[in-house]
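Peer 1: Handing you this structure, nothing more for now.
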Amino acid sequence: MKDKNLPPACFAVVIEDNESVARVFKAAVERAGFETEVIEDGQAALERLAVSTPQVIVLDLHLPFVSGKDVLAFIRSENRLARSWVILATADVLAAKELERKVEFVLIKPCGFHELHDLAKLLKARLEKESAPAL
Amino acid sequence: MPRPITPFIVPIVISTAAAVFLTVYTWRRRTTPGAKALAGLTLGTSLWLIGYAFELLGSDAATKLFWAKFQYFGIVTVPLMWLVFALEFAKKGHWLTPRNWTLAITIPLATLSLAWTNERHGLIWQEVQFNPALAFPALSLTYGAGFWVYWTFTHLVLAAGSLLIGGVLIHSLHLYRWQAGCLLIGVLTPWLANGVYILRLGPFPNLDLTPFAFVVSGTAFTLSLLQFRLLDILPVAQKEIMESMSDGVLVLDPNDRIVDLNPAAAALIGQAQSAVIGKLLSEGFAPWSVFISQNDRSRKAQTDISLKVGSALRNFDLRSTPLLDRRQQLSARLIVLRDITDLKRAEEVLARDRDQALAASQLKTELLARVSHELRTPLSVILGFTEMLQIGAFGPVTEEQKQVSEEVIGATRELTSLVDQLLDQAQLESGRIKLRSSSVNLSELIEEVLSRFQMVAQVKCLTLSAAIATDFPVAFAGDRTRLQQILVNLVGNALKFTVNGGVRVSAYRSGSKRWSLQVSDTGEGIPQAAQSFIFEPFRQVDGSTTRRHGGIGLGLSIVKQFATLMDADVTLESTLGKGSTFIVNFPLILELTT
């Protein structure tokens, strides 16, 4: 399913505690050309984001140990992650409305494979355009 | 030869005219309590004065004596009527029983008979003389025993009436100053005049000022009665009301001295009425005296207090009302204590019930939000995996499998729509929805919504069309998300209940500052009876329809609630078997404000 010859910069994380949803999201982002890693709780997400710089972060809000809101706050406080796109994928409509100005994209569950895949593809294309050498 | 008219006649004629006028005046207002007795009093006075005038005009002793006898029609009437008026005024009219009447009129009737038969016994006048040489042309009379009996009777009656009226006067003195003044004049004048006559203090020894005094009395009472509406608002009646009231009532003078209180107030203070009247409130009768003393005396004030009544603590509504005189000066304060314990209890029960209802409603709202949230994650799983199945992510897919997958996706979207409605309802109930204004391109919005329903329409072989009026603005200000939800709900609803024909969406300007969104279908229509509740949450036409078409009865209710939030109104026109048209009339705002 993974695209071949991925540039090392195309890295995404899916922070989602529901295993099945995480599997769908991972497939959708991976199919768009990102090397994708699933993180299942907020604490692990903070630890991973402290040492890595994904271009795309798919973030759920209701996470074990540390909430998605706190993870988002960490992301926004880190200069290193300033260029990372955050896709908030949540079932919490009210919280999503509160946070919509702090993230690049919001997907309200149920969001299926196609919705996330189309968005990830769009972002991949943008990344490629940005990294293409100027003529 | 008749005597020339003397100047003494002038005041008598004026007084007679006044008495006659008062008689007519009070008789015309005889429906007012006490007015009939007053009319009787002034009629008696008129007869007395007429007789007196003719006595003075008479040229010889016999004529003068005839008119002196005539005066007795008035003389015996006046004290009786005085008593009747006083009894009615003091609310003691029930004392006028037939027996008491008989007793009361015996002496006056006997006196009248004696006057007209005086020549036989001399009991009224022992001696009658007339000296034409005197300046004042009245008879000079020496009274007999019958006269003095009647004189005593008259003065007893006058005294009794004065006491009755005086009693009322004391109670009303601090409240009805003008009326009280008139009453005082009315009571004192006859006594004064009679004293002057008996003690021979007048300018002319034979001039009886008593009938003149009754004219003054009659005038004073008439003023009290009709000008100041004294009997309309009888202080005595007020006193009785006060006495029987369950509310505690106190009257304080400007120095906070208790000048009056009713038994209910005395019971609350815990002392007898007589022991409390005249005392200062600050002498510590009750805990509420602090509130009353600290209060601005010229203003109305209210507070709730608790007082121990017997062994129970009860709640009272305490009100202080200033009573101002004609110069707007504080003359007294009225304090009313109303027992509101039962009212308070009822309020508490109501408040408890309301809190419970609110808590239940809040719980329902939270539950709706929670259910909505919890359903979205598994729906995501169903949708995601089905879409992956469809694209062959798990291996080759047959056409049939693709078709089945499509149906699963369709069902998931329907379920998602229900979840959305549940959440919308929860948000509407909690009042959390805030409108967000942005630029709306209605053409795009309608296209988007219709494309979502295109497949459903195709499956049901229905037409789905849209038309926007040519003069409709390209863009206007509105909450795009809520507008979209309104249209989704209306179109979804129309498609659900239409079997043949189709659904048409149109938009047009319905005035310079309004626009309408119209969704028409050729469905089964909505019965008249259901049209009144169709916009209520969780209500549907009937159970069978619900079973056939599904849904939870929130779609139209949400449309209505969103419309209300947007200052829009929703109307429905429907004919059974022909279809329905929903029209949402919105305000048209062309400029986007931030």
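To be explicit about the labels: the chains of the structure tokens are called A, B, and onward in the order shown, and within each one the residues are counted from 1, while ligands get numbers from 1 in the order they are shown.
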Counting only C-alpha atoms, which residues of chain B come no farther than 8 Å from chain A, as a list in words?
Peer 2: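 Per the criterion, chain B yields His373, Glu374, Arg376, Thr377, Pro378, Leu379, Ser380, Val381, Leu383, Gly384, Phe385, Glu387, Met388 and Thr416 of chain B.
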Peer 1: Within 7 Å of stretch 122-127 of chain A, counting only C-alpha atoms, which residues show up once you throw out same-chain ones fewer than 4 positions away? Write them as a list in words, please.
Peer 2: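 In the requested format, the answer is Ala32, Gly33, Asp118 and Ser131 of chain A.
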Peer 1: Emit the selected residues as an mmCIF file, in the first residue's frame, including N, CA and C atoms.
Peer 2:
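For reference, part_34.cif as written:
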```cif
data_model
loop_
_atom_site.group_PDB
_atom_site.id
_atom_site.type_symbol
_atom_site.label_atom_id
_atom_site.label_comp_id
_atom_site.auth_asym_id
_atom_site.auth_seq_id
_atom_site.Cartn_x
_atom_site.Cartn_y
_atom_site.Cartn_z
ATOM 1 N N ALA A 32 -1.585 8.068 1.019
ATOM 2 C CA ALA A 32 -1.318 9.376 0.410
ATOM 3 C C ALA A 32 0.179 9.608 0.261
ATOM 4 N N GLY A 33 0.984 8.708 0.791
ATOM 5 C CA GLY A 33 2.417 8.816 0.587
ATOM 6 C C GLY A 33 3.201 9.204 1.814
ATOM 7 N N ASP A 118 -8.081 11.924 1.038
ATOM 8 C CA ASP A 118 -8.090 13.060 0.096
ATOM 9 C C ASP A 118 -7.331 14.249 0.669
ATOM 10 N N SER A 131 9.015 21.418 -1.764
ATOM 11 C CA SER A 131 10.391 20.887 -1.762
ATOM 12 C C SER A 131 10.988 20.813 -3.171
#
```
Peer 1: Identify, on the basis of only C-alpha atoms, every residue whose closest approach to A:Arg48 does not exceed 10 Å; exclude the query and any residue fewer than 5 positions from it along the same chain; express the result as a ChimeraX atom specification.
Peer 2: /A:13,39,42-43,53-54
Peer 1: Identify, with DSSP run on backbone atoms, the residues in stretch 9-53 of chain A assigned to strand (DSSP E), and express the list as a PyMOL selection string.
Peer 2: chain A and resi 11-15+35-39
Peer 1: Would you mind listing what lies within 8 Å of B:Val276 as a ChimeraX atom specification, with only C-alpha atoms counted and same-chain residues fewer than 4 positions away left out?
Peer 2: /B:258,266,271-272
Peer 1: Could you write those residues out with C-alpha atoms, as a compact mmCIF listing (two decimals), in the first residue's frame?
Peer 2:
```
# COMPACT_ATOMS: atom_id res chain seq x y z
CA ILE B 258 -47.80 53.39 67.54
CA ALA B 266 -51.07 42.90 68.65
CA GLN B 271 -49.26 42.30 73.89
CA ALA B 272 -52.76 43.75 74.19
```
Peer 1: Looking only at alpha helix (DSSP H) from DSSP on the backbone, list the matching residues of stretch 79-220 of chain B as a ChimeraX atom specification.
Peer 2: /B:79-89,98-116,118-121,145-172,177-198,210-220
Peer 1: Using only C-alpha atoms, which residues sit within 10 Å of B:Leu565 once same-chain residues fewer than 6 positions away are excluded, as a PyMOL selection string?
Peer 2: chain B and resi 428+433-435+482+559
Peer 1: Using atom CA of A:Phe11 and atom CA of A:Glu30 as the two end points, give the distance in Å to one decimal.
Peer 2: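 Taking atom CA of A:Phe11 and atom CA of A:Glu30, their separation equals 9.2 Å.
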Peer 1: So how far away is atom CA of B:Phe70 from atom CA of B:Glu119, in Å?
Peer 2: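 About the pair atom CA of B:Glu119 and atom CA of B:Phe70: they are 14.7 Å apart.
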Peer 1: Which residues come within 8 Å of B:Gln421, counting only C-alpha atoms, excluding same-chain residues fewer than 6 positions away, as a list of chain:residue names?
Peer 2: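 Near B:Gln421, the qualifying residues are B:Leu554, B:Gly555, B:Ile558.
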